[in-house]
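Just input.txt here, compact mmCIF, N, CA and C atoms:
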# COMPACT_ATOMS: atom_id res chain seq x y z
N MET P 1 -17.06 -17.32 -12.53
CA MET P 1 -16.47 -17.69 -11.25
C MET P 1 -16.39 -16.43 -10.39
N PRO P 2 -16.84 -16.48 -9.11
CA PRO P 2 -16.79 -15.28 -8.25
C PRO P 2 -15.37 -14.89 -7.91
N GLU P 3 -15.19 -13.58 -7.73
CA GLU P 3 -13.87 -13.06 -7.37
C GLU P 3 -13.51 -13.50 -5.96
N THR P 4 -12.28 -13.98 -5.78
CA THR P 4 -11.75 -14.30 -4.45
C THR P 4 -10.71 -13.25 -4.12
N PRO P 5 -11.06 -12.27 -3.29
CA PRO P 5 -10.15 -11.16 -3.05
C PRO P 5 -8.97 -11.55 -2.17
N GLU P 6 -7.87 -10.87 -2.39
CA GLU P 6 -6.74 -10.98 -1.48
C GLU P 6 -7.14 -10.30 -0.18
N ALA P 7 -6.38 -10.53 0.86
CA ALA P 7 -6.75 -10.01 2.17
C ALA P 7 -6.58 -8.49 2.29
N ALA P 8 -5.67 -7.90 1.55
CA ALA P 8 -5.36 -6.47 1.73
C ALA P 8 -5.64 -5.68 0.47
N MET P 9 -5.94 -4.40 0.68
CA MET P 9 -6.15 -3.49 -0.43
C MET P 9 -5.86 -2.07 0.06
N ALA P 10 -5.21 -1.28 -0.76
CA ALA P 10 -4.94 0.11 -0.42
C ALA P 10 -5.73 1.01 -1.35
N VAL P 11 -6.29 2.08 -0.79
CA VAL P 11 -7.01 3.08 -1.59
C VAL P 11 -6.27 4.40 -1.41
N ASP P 12 -5.96 5.06 -2.52
CA ASP P 12 -5.21 6.29 -2.44
C ASP P 12 -5.45 7.13 -3.69
N GLY P 13 -5.30 8.42 -3.56
CA GLY P 13 -5.36 9.32 -4.71
C GLY P 13 -3.96 9.52 -5.26
N LYS P 14 -3.83 9.46 -6.54
CA LYS P 14 -2.53 9.63 -7.19
C LYS P 14 -2.68 10.54 -8.41
N THR P 15 -1.67 11.32 -8.67
CA THR P 15 -1.62 12.08 -9.91
C THR P 15 -0.70 11.31 -10.84
N LEU P 16 -1.24 10.90 -11.98
CA LEU P 16 -0.47 10.11 -12.92
C LEU P 16 0.40 11.00 -13.79
N ARG P 17 1.55 10.47 -14.18
CA ARG P 17 2.45 11.20 -15.05
C ARG P 17 1.72 11.62 -16.32
N GLY P 18 1.82 12.87 -16.67
CA GLY P 18 1.19 13.38 -17.89
C GLY P 18 -0.26 13.78 -17.72
N SER P 19 -0.84 13.57 -16.53
CA SER P 19 -2.26 13.85 -16.36
C SER P 19 -2.57 15.34 -16.37
N ARG P 20 -1.63 16.17 -15.97
CA ARG P 20 -1.89 17.62 -15.97
C ARG P 20 -2.10 18.15 -17.37
N SER P 21 -1.39 17.59 -18.34
CA SER P 21 -1.53 18.06 -19.72
C SER P 21 -2.87 17.63 -20.32
N LYS P 22 -3.56 16.68 -19.70
CA LYS P 22 -4.84 16.19 -20.22
C LYS P 22 -6.01 17.04 -19.73
N GLY P 23 -5.75 17.98 -18.81
CA GLY P 23 -6.81 18.82 -18.30
C GLY P 23 -7.41 18.24 -17.03
N PRO P 24 -8.48 18.88 -16.52
CA PRO P 24 -9.08 18.45 -15.26
C PRO P 24 -9.71 17.06 -15.37
N GLY P 25 -9.78 16.40 -14.22
CA GLY P 25 -10.46 15.12 -14.15
C GLY P 25 -9.59 13.93 -14.49
N HIS P 26 -8.28 14.07 -14.42
CA HIS P 26 -7.42 12.95 -14.76
C HIS P 26 -6.54 12.48 -13.60
N ALA P 27 -6.84 12.91 -12.39
CA ALA P 27 -6.12 12.43 -11.22
C ALA P 27 -7.04 11.42 -10.53
N PRO P 28 -6.74 10.13 -10.62
CA PRO P 28 -7.69 9.14 -10.13
C PRO P 28 -7.51 8.76 -8.68
N VAL P 29 -8.59 8.23 -8.09
CA VAL P 29 -8.51 7.47 -6.86
C VAL P 29 -8.35 6.03 -7.32
N ILE P 30 -7.39 5.33 -6.75
CA ILE P 30 -7.15 3.97 -7.21
C ILE P 30 -7.24 2.98 -6.07
N GLY P 31 -7.64 1.78 -6.39
CA GLY P 31 -7.63 0.67 -5.45
C GLY P 31 -6.54 -0.29 -5.86
N LEU P 32 -5.60 -0.54 -4.98
CA LEU P 32 -4.47 -1.41 -5.29
C LEU P 32 -4.55 -2.67 -4.45
N GLY P 33 -4.20 -3.81 -5.07
CA GLY P 33 -4.25 -5.06 -4.33
C GLY P 33 -3.08 -5.96 -4.63
N PRO P 34 -2.70 -6.80 -3.65
CA PRO P 34 -1.61 -7.74 -3.85
C PRO P 34 -2.04 -8.85 -4.80
N PRO P 35 -1.16 -9.70 -5.28
CA PRO P 35 0.21 -9.85 -4.82
C PRO P 35 1.18 -8.85 -5.43
N SER P 36 0.88 -8.29 -6.58
CA SER P 36 1.84 -7.39 -7.21
C SER P 36 1.40 -5.94 -7.11
N TRP P 37 0.40 -5.65 -6.28
CA TRP P 37 -0.14 -4.31 -6.07
C TRP P 37 -0.53 -3.66 -7.38
N VAL P 38 -1.32 -4.40 -8.14
CA VAL P 38 -1.84 -3.89 -9.40
C VAL P 38 -3.06 -3.03 -9.13
N THR P 39 -3.40 -2.18 -10.07
CA THR P 39 -4.58 -1.35 -9.94
C THR P 39 -5.81 -2.21 -10.15
N LEU P 40 -6.71 -2.23 -9.16
CA LEU P 40 -7.95 -2.99 -9.25
C LEU P 40 -9.04 -2.17 -9.92
N THR P 41 -9.05 -0.88 -9.66
CA THR P 41 -10.01 0.03 -10.27
C THR P 41 -9.50 1.45 -10.06
N GLN P 42 -10.07 2.38 -10.80
CA GLN P 42 -9.73 3.78 -10.59
C GLN P 42 -10.90 4.66 -10.99
N GLN P 43 -10.90 5.85 -10.44
CA GLN P 43 -11.98 6.79 -10.70
C GLN P 43 -11.38 8.18 -10.79
N ALA P 44 -11.71 8.91 -11.84
CA ALA P 44 -11.18 10.27 -12.02
C ALA P 44 -11.73 11.20 -10.94
N VAL P 45 -10.90 12.15 -10.54
CA VAL P 45 -11.28 13.17 -9.57
C VAL P 45 -11.30 14.50 -10.30
N ALA P 46 -12.39 15.21 -10.16
CA ALA P 46 -12.53 16.50 -10.84
C ALA P 46 -11.49 17.49 -10.33
N ALA P 47 -11.19 18.48 -11.15
CA ALA P 47 -10.26 19.53 -10.77
C ALA P 47 -10.80 20.30 -9.57
N LYS P 48 -9.90 20.81 -8.76
CA LYS P 48 -10.21 21.63 -7.59
C LYS P 48 -11.04 20.88 -6.54
N THR P 49 -10.83 19.59 -6.43
CA THR P 49 -11.48 18.79 -5.40
C THR P 49 -10.47 17.72 -4.96
N ASN P 50 -10.91 16.76 -4.15
CA ASN P 50 -10.00 15.70 -3.73
C ASN P 50 -10.71 14.36 -3.83
N GLU P 51 -10.00 13.31 -3.43
CA GLU P 51 -10.52 11.96 -3.64
C GLU P 51 -11.66 11.56 -2.70
N ILE P 52 -11.97 12.36 -1.68
CA ILE P 52 -13.06 12.01 -0.77
C ILE P 52 -14.37 11.82 -1.53
N LYS P 53 -14.62 12.67 -2.52
CA LYS P 53 -15.88 12.59 -3.27
C LYS P 53 -15.97 11.36 -4.16
N GLU P 54 -14.86 10.74 -4.50
CA GLU P 54 -14.87 9.61 -5.43
C GLU P 54 -14.55 8.27 -4.79
N VAL P 55 -14.15 8.25 -3.52
CA VAL P 55 -13.74 6.99 -2.90
C VAL P 55 -14.90 6.00 -2.81
N GLU P 56 -16.12 6.48 -2.61
CA GLU P 56 -17.28 5.58 -2.54
C GLU P 56 -17.46 4.83 -3.86
N THR P 57 -17.24 5.51 -4.98
CA THR P 57 -17.35 4.87 -6.29
C THR P 57 -16.31 3.76 -6.42
N VAL P 58 -15.09 4.05 -6.00
CA VAL P 58 -14.02 3.04 -6.06
C VAL P 58 -14.38 1.83 -5.21
N LEU P 59 -14.82 2.08 -3.98
CA LEU P 59 -15.15 0.97 -3.08
C LEU P 59 -16.31 0.13 -3.60
N SER P 60 -17.26 0.76 -4.28
CA SER P 60 -18.41 0.02 -4.79
C SER P 60 -18.05 -0.91 -5.95
N GLN P 61 -16.89 -0.71 -6.56
CA GLN P 61 -16.48 -1.51 -7.71
C GLN P 61 -15.65 -2.73 -7.34
N ILE P 62 -15.40 -2.92 -6.05
CA ILE P 62 -14.50 -3.99 -5.60
C ILE P 62 -15.19 -4.83 -4.53
N VAL P 63 -14.96 -6.14 -4.57
CA VAL P 63 -15.46 -7.01 -3.51
C VAL P 63 -14.66 -6.72 -2.25
N LEU P 64 -15.34 -6.30 -1.19
CA LEU P 64 -14.66 -5.93 0.05
C LEU P 64 -14.76 -7.00 1.13
N THR P 65 -15.62 -8.00 0.93
CA THR P 65 -15.80 -9.06 1.93
C THR P 65 -14.46 -9.74 2.21
N GLY P 66 -14.09 -9.75 3.49
CA GLY P 66 -12.83 -10.40 3.88
C GLY P 66 -11.58 -9.57 3.64
N ARG P 67 -11.72 -8.38 3.13
CA ARG P 67 -10.56 -7.54 2.84
C ARG P 67 -10.31 -6.56 3.97
N VAL P 68 -9.04 -6.19 4.13
CA VAL P 68 -8.64 -5.09 5.00
C VAL P 68 -8.21 -3.96 4.08
N VAL P 69 -8.90 -2.84 4.17
CA VAL P 69 -8.65 -1.70 3.30
C VAL P 69 -7.86 -0.66 4.08
N THR P 70 -6.73 -0.23 3.53
CA THR P 70 -5.93 0.81 4.16
C THR P 70 -6.05 2.09 3.35
N MET P 71 -5.89 3.22 4.04
CA MET P 71 -5.97 4.51 3.37
C MET P 71 -5.25 5.57 4.20
N ASP P 72 -4.99 6.71 3.60
CA ASP P 72 -4.30 7.78 4.31
C ASP P 72 -5.29 8.61 5.12
N ALA P 73 -4.78 9.62 5.81
CA ALA P 73 -5.59 10.42 6.73
C ALA P 73 -6.71 11.17 6.02
N LEU P 74 -6.51 11.57 4.78
CA LEU P 74 -7.55 12.31 4.07
C LEU P 74 -8.83 11.49 3.94
N LEU P 75 -8.69 10.18 3.75
CA LEU P 75 -9.86 9.32 3.55
C LEU P 75 -10.42 8.76 4.86
N THR P 76 -9.88 9.17 5.99
CA THR P 76 -10.40 8.74 7.29
C THR P 76 -11.70 9.49 7.54
N GLN P 77 -12.78 8.89 7.06
CA GLN P 77 -14.10 9.49 7.13
C GLN P 77 -15.10 8.44 7.62
N ARG P 78 -16.06 8.86 8.41
CA ARG P 78 -17.08 7.96 8.96
C ARG P 78 -17.81 7.21 7.85
N ALA P 79 -18.21 7.91 6.79
CA ALA P 79 -18.96 7.27 5.69
C ALA P 79 -18.13 6.21 4.99
N VAL P 80 -16.83 6.46 4.83
CA VAL P 80 -15.95 5.49 4.19
C VAL P 80 -15.85 4.23 5.04
N ALA P 81 -15.66 4.42 6.34
CA ALA P 81 -15.58 3.28 7.26
C ALA P 81 -16.87 2.47 7.22
N GLN P 82 -18.02 3.15 7.23
CA GLN P 82 -19.31 2.45 7.22
C GLN P 82 -19.51 1.67 5.92
N THR P 83 -19.10 2.24 4.80
CA THR P 83 -19.21 1.55 3.50
C THR P 83 -18.42 0.26 3.52
N ILE P 84 -17.20 0.31 4.05
CA ILE P 84 -16.35 -0.88 4.09
C ILE P 84 -16.94 -1.95 5.00
N VAL P 85 -17.38 -1.56 6.19
CA VAL P 85 -17.96 -2.51 7.14
C VAL P 85 -19.26 -3.10 6.59
N ASP P 86 -20.11 -2.28 5.99
CA ASP P 86 -21.36 -2.77 5.41
C ASP P 86 -21.12 -3.80 4.31
N ALA P 87 -19.99 -3.69 3.62
CA ALA P 87 -19.65 -4.62 2.53
C ALA P 87 -18.88 -5.83 3.03
N GLY P 88 -18.71 -5.95 4.35
CA GLY P 88 -18.05 -7.14 4.90
C GLY P 88 -16.55 -7.04 5.03
N GLY P 89 -16.01 -5.83 4.93
CA GLY P 89 -14.58 -5.64 5.06
C GLY P 89 -14.19 -5.00 6.38
N ASP P 90 -12.91 -4.85 6.57
CA ASP P 90 -12.34 -4.14 7.71
C ASP P 90 -11.45 -3.03 7.17
N TYR P 91 -11.02 -2.14 8.03
CA TYR P 91 -10.21 -1.02 7.56
C TYR P 91 -9.13 -0.66 8.56
N ILE P 92 -8.09 -0.05 8.04
CA ILE P 92 -7.05 0.59 8.85
C ILE P 92 -6.96 2.02 8.33
N MET P 93 -7.26 2.97 9.19
CA MET P 93 -7.26 4.38 8.80
C MET P 93 -6.22 5.14 9.62
N ILE P 94 -5.57 6.05 8.99
CA ILE P 94 -4.60 6.92 9.64
C ILE P 94 -5.35 8.12 10.21
N VAL P 95 -5.05 8.47 11.45
CA VAL P 95 -5.66 9.65 12.07
C VAL P 95 -4.53 10.60 12.45
N LYS P 96 -4.65 11.83 11.98
CA LYS P 96 -3.66 12.86 12.27
C LYS P 96 -4.36 14.08 12.82
N GLU P 97 -3.67 15.19 12.81
CA GLU P 97 -4.21 16.43 13.37
C GLU P 97 -5.38 16.98 12.57
N ASN P 98 -5.67 16.44 11.37
CA ASN P 98 -6.79 16.94 10.59
C ASN P 98 -8.14 16.59 11.24
N GLN P 99 -8.13 15.67 12.20
CA GLN P 99 -9.35 15.33 12.94
C GLN P 99 -9.00 15.31 14.43
N PRO P 100 -8.89 16.50 15.06
CA PRO P 100 -8.37 16.58 16.43
C PRO P 100 -9.20 15.83 17.47
N GLN P 101 -10.53 15.86 17.36
CA GLN P 101 -11.35 15.17 18.36
C GLN P 101 -11.21 13.65 18.23
N LEU P 102 -11.22 13.14 17.02
CA LEU P 102 -11.04 11.70 16.82
C LEU P 102 -9.67 11.26 17.32
N LYS P 103 -8.64 12.04 17.02
CA LYS P 103 -7.28 11.73 17.48
C LYS P 103 -7.23 11.71 19.01
N ALA P 104 -7.86 12.69 19.66
CA ALA P 104 -7.87 12.74 21.12
C ALA P 104 -8.62 11.55 21.71
N ASP P 105 -9.74 11.16 21.10
CA ASP P 105 -10.51 10.01 21.57
C ASP P 105 -9.69 8.72 21.49
N ILE P 106 -8.98 8.54 20.38
CA ILE P 106 -8.15 7.34 20.21
C ILE P 106 -7.00 7.34 21.21
N GLU P 107 -6.35 8.49 21.39
CA GLU P 107 -5.26 8.57 22.35
C GLU P 107 -5.75 8.23 23.76
N LEU P 108 -6.96 8.66 24.10
CA LEU P 108 -7.52 8.35 25.40
C LEU P 108 -7.70 6.85 25.59
N VAL P 109 -8.18 6.16 24.57
CA VAL P 109 -8.36 4.70 24.66
C VAL P 109 -7.04 4.02 24.99
N PHE P 110 -5.95 4.50 24.40
CA PHE P 110 -4.66 3.84 24.59
C PHE P 110 -3.90 4.34 25.81
N THR P 111 -4.37 5.40 26.47
CA THR P 111 -3.72 5.83 27.70
C THR P 111 -4.38 5.21 28.93
N LEU P 112 -5.64 4.80 28.78
CA LEU P 112 -6.32 4.13 29.88
C LEU P 112 -5.78 2.72 30.04
N PRO P 113 -5.74 2.20 31.27
CA PRO P 113 -5.28 0.83 31.43
C PRO P 113 -6.26 -0.14 30.76
N PRO P 114 -5.75 -1.22 30.18
CA PRO P 114 -6.63 -2.17 29.51
C PRO P 114 -7.68 -2.73 30.48
N ALA P 115 -8.93 -2.75 30.06
CA ALA P 115 -10.03 -3.27 30.88
C ALA P 115 -10.41 -4.65 30.38
N GLY P 116 -9.52 -5.60 30.56
CA GLY P 116 -9.81 -6.95 30.13
C GLY P 116 -9.53 -7.19 28.66
N ASP P 117 -9.17 -6.13 27.92
CA ASP P 117 -8.86 -6.36 26.51
C ASP P 117 -7.38 -6.69 26.35
N ARG P 118 -7.05 -7.16 25.20
CA ARG P 118 -5.68 -7.55 24.89
C ARG P 118 -5.06 -6.45 24.03
N GLN P 119 -3.92 -5.92 24.47
CA GLN P 119 -3.20 -4.93 23.68
C GLN P 119 -1.86 -5.53 23.24
N GLU P 120 -1.52 -5.29 22.00
CA GLU P 120 -0.24 -5.71 21.47
C GLU P 120 0.40 -4.53 20.76
N SER P 121 1.73 -4.44 20.83
CA SER P 121 2.44 -3.32 20.21
C SER P 121 3.63 -3.81 19.41
N VAL P 122 3.97 -3.03 18.39
CA VAL P 122 5.16 -3.28 17.59
C VAL P 122 5.73 -1.93 17.17
N ARG P 123 7.04 -1.83 17.03
CA ARG P 123 7.71 -0.59 16.63
C ARG P 123 8.65 -0.91 15.47
N THR P 124 8.65 -0.05 14.46
CA THR P 124 9.61 -0.17 13.36
C THR P 124 10.36 1.14 13.23
N VAL P 125 11.61 1.05 12.82
CA VAL P 125 12.43 2.23 12.57
C VAL P 125 13.04 2.07 11.19
N ASP P 126 12.79 3.04 10.31
CA ASP P 126 13.34 3.04 8.96
C ASP P 126 14.21 4.27 8.76
N VAL P 127 15.33 4.08 8.10
CA VAL P 127 16.24 5.17 7.79
C VAL P 127 16.34 5.27 6.28
N GLY P 128 16.12 6.46 5.76
CA GLY P 128 16.22 6.64 4.32
C GLY P 128 15.76 8.02 3.92
N HIS P 129 16.22 8.47 2.76
CA HIS P 129 15.84 9.77 2.22
C HIS P 129 16.11 10.90 3.19
N GLY P 130 17.19 10.76 3.98
CA GLY P 130 17.60 11.83 4.88
C GLY P 130 16.79 11.96 6.15
N ARG P 131 16.04 10.93 6.50
CA ARG P 131 15.25 11.03 7.73
C ARG P 131 15.15 9.66 8.41
N ILE P 132 14.81 9.72 9.68
CA ILE P 132 14.56 8.52 10.47
C ILE P 132 13.08 8.51 10.77
N GLU P 133 12.41 7.43 10.40
CA GLU P 133 10.97 7.32 10.59
C GLU P 133 10.68 6.20 11.58
N THR P 134 10.07 6.56 12.69
CA THR P 134 9.70 5.59 13.72
C THR P 134 8.19 5.43 13.72
N ARG P 135 7.73 4.20 13.65
CA ARG P 135 6.29 3.93 13.67
C ARG P 135 5.97 2.99 14.82
N ASN P 136 4.96 3.36 15.59
CA ASN P 136 4.47 2.52 16.68
C ASN P 136 3.06 2.11 16.34
N LEU P 137 2.76 0.83 16.45
CA LEU P 137 1.43 0.33 16.20
C LEU P 137 0.98 -0.46 17.42
N THR P 138 -0.15 -0.06 17.99
CA THR P 138 -0.72 -0.74 19.14
C THR P 138 -2.15 -1.11 18.80
N THR P 139 -2.49 -2.35 19.03
CA THR P 139 -3.86 -2.80 18.80
C THR P 139 -4.60 -2.89 20.12
N SER P 140 -5.90 -2.77 20.05
CA SER P 140 -6.73 -2.87 21.23
C SER P 140 -8.06 -3.45 20.84
N GLU P 141 -8.66 -4.20 21.73
CA GLU P 141 -10.01 -4.70 21.51
C GLU P 141 -11.04 -3.77 22.11
N ALA P 142 -10.60 -2.67 22.69
CA ALA P 142 -11.50 -1.71 23.33
C ALA P 142 -12.36 -1.05 22.26
N TRP P 143 -13.58 -0.75 22.63
CA TRP P 143 -14.49 -0.05 21.72
C TRP P 143 -14.70 1.32 22.23

For the structure just supplied, provide its representation as structure tokens.
Amino acid sequence: MPETPEAAMAVDGKTLRGSRSKGPGHAPVIGLGPPSWVTLTQQAVAAKTNEIKEVETVLSQIVLTGRVVTMDALLTQRAVAQTIVDAGGDYIMIVKENQPQLKADIELVFTLPPAGDRQESVRTVDVGHGRIETRNLTTSEAW
């Protein structure tokens, strides 16, 4: 029977408890999916590197058609986005100061008045762990 994927999936690098004592290559990139956010797959990351080199392997092991894949700023890479789209999925990527030109381009799209596209916004405020975290999310159909 073919796999019917849930709509969402998160990809992230994690260091597992006890992995340092096992030596290099035990910090995996993992794909997590609902409903209980179980690990769908994982791939070891070699010592002195990061998950960018292994994310393609993780994505190739999962059905991406119809899925929305989320990831942190480190994995916001053109090749990763293309892999997801080519496999029939969509993505939500975080952009921070690590990619200044991309961040500036995105900010420009949202500062210009909408040209016939539909923009929607939502704001959340969370308090915890000694800090106040405010998140603003605005969507746009602009390309």

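Point (-3.7, 9.4, 10.1) has the following residues at most 6 Å away: P:Asp72, P:Ala73, P:Met93, P:Ile94, P:Val95, P:Lys96 (atoms considered: only N, CA and C atoms).
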
Stretch 81-92 of chain P environment, 6 Å, all atoms listed in the file, sequence neighbours closer than 2 positions dropped, as a JSON list (two decimals) with N, CA and C atoms, in the coordinates of the input:
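Heads up, here's the output in out.json:
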[["chain", "number", "residue", "atom", "x", "y", "z"],
["P", 64, "LEU", "N", -15.34, -6.30, -1.19],
["P", 64, "LEU", "CA", -14.66, -5.93, 0.05],
["P", 64, "LEU", "C", -14.76, -7.00, 1.13],
["P", 65, "THR", "N", -15.62, -8.00, 0.93],
["P", 65, "THR", "CA", -15.80, -9.06, 1.93],
["P", 65, "THR", "C", -14.46, -9.74, 2.21],
["P", 66, "GLY", "N", -14.09, -9.75, 3.49],
["P", 66, "GLY", "CA", -12.83, -10.40, 3.88],
["P", 66, "GLY", "C", -11.58, -9.57, 3.64],
["P", 67, "ARG", "N", -11.72, -8.38, 3.13],
["P", 67, "ARG", "CA", -10.56, -7.54, 2.84],
["P", 67, "ARG", "C", -10.31, -6.56, 3.97],
["P", 68, "VAL", "N", -9.04, -6.19, 4.13],
["P", 68, "VAL", "CA", -8.64, -5.09, 5.00],
["P", 68, "VAL", "C", -8.21, -3.96, 4.08],
["P", 69, "VAL", "N", -8.90, -2.84, 4.17],
["P", 69, "VAL", "CA", -8.65, -1.70, 3.30],
["P", 69, "VAL", "C", -7.86, -0.66, 4.08],
["P", 70, "THR", "N", -6.73, -0.23, 3.53],
["P", 70, "THR", "CA", -5.93, 0.81, 4.16],
["P", 70, "THR", "C", -6.05, 2.09, 3.35],
["P", 71, "MET", "N", -5.89, 3.22, 4.04],
["P", 71, "MET", "CA", -5.97, 4.51, 3.37],
["P", 71, "MET", "C", -5.25, 5.57, 4.20],
["P", 77, "GLN", "N", -12.78, 8.89, 7.06],
["P", 77, "GLN", "CA", -14.10, 9.49, 7.13],
["P", 77, "GLN", "C", -15.10, 8.44, 7.62],
["P", 78, "ARG", "N", -16.06, 8.86, 8.41],
["P", 78, "ARG", "CA", -17.08, 7.96, 8.96],
["P", 78, "ARG", "C", -17.81, 7.21, 7.85],
["P", 79, "ALA", "N", -18.21, 7.91, 6.79],
["P", 79, "ALA", "CA", -18.96, 7.27, 5.69],
["P", 79, "ALA", "C", -18.13, 6.21, 4.99],
["P", 94, "ILE", "N", -5.57, 6.05, 8.99],
["P", 94, "ILE", "CA", -4.60, 6.92, 9.64],
["P", 94, "ILE", "C", -5.35, 8.12, 10.21]]

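Note that the spacing between atom C of P:Arg135 and atom N of P:Ile106 amounts to 16.9 Å.
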
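Between atom CA of P:Glu120 and atom CA of P:Val11 the separation is 25.6 Å.
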
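Between atom CA of P:Thr57 and atom CA of P:Leu74 the separation is 16.1 Å.
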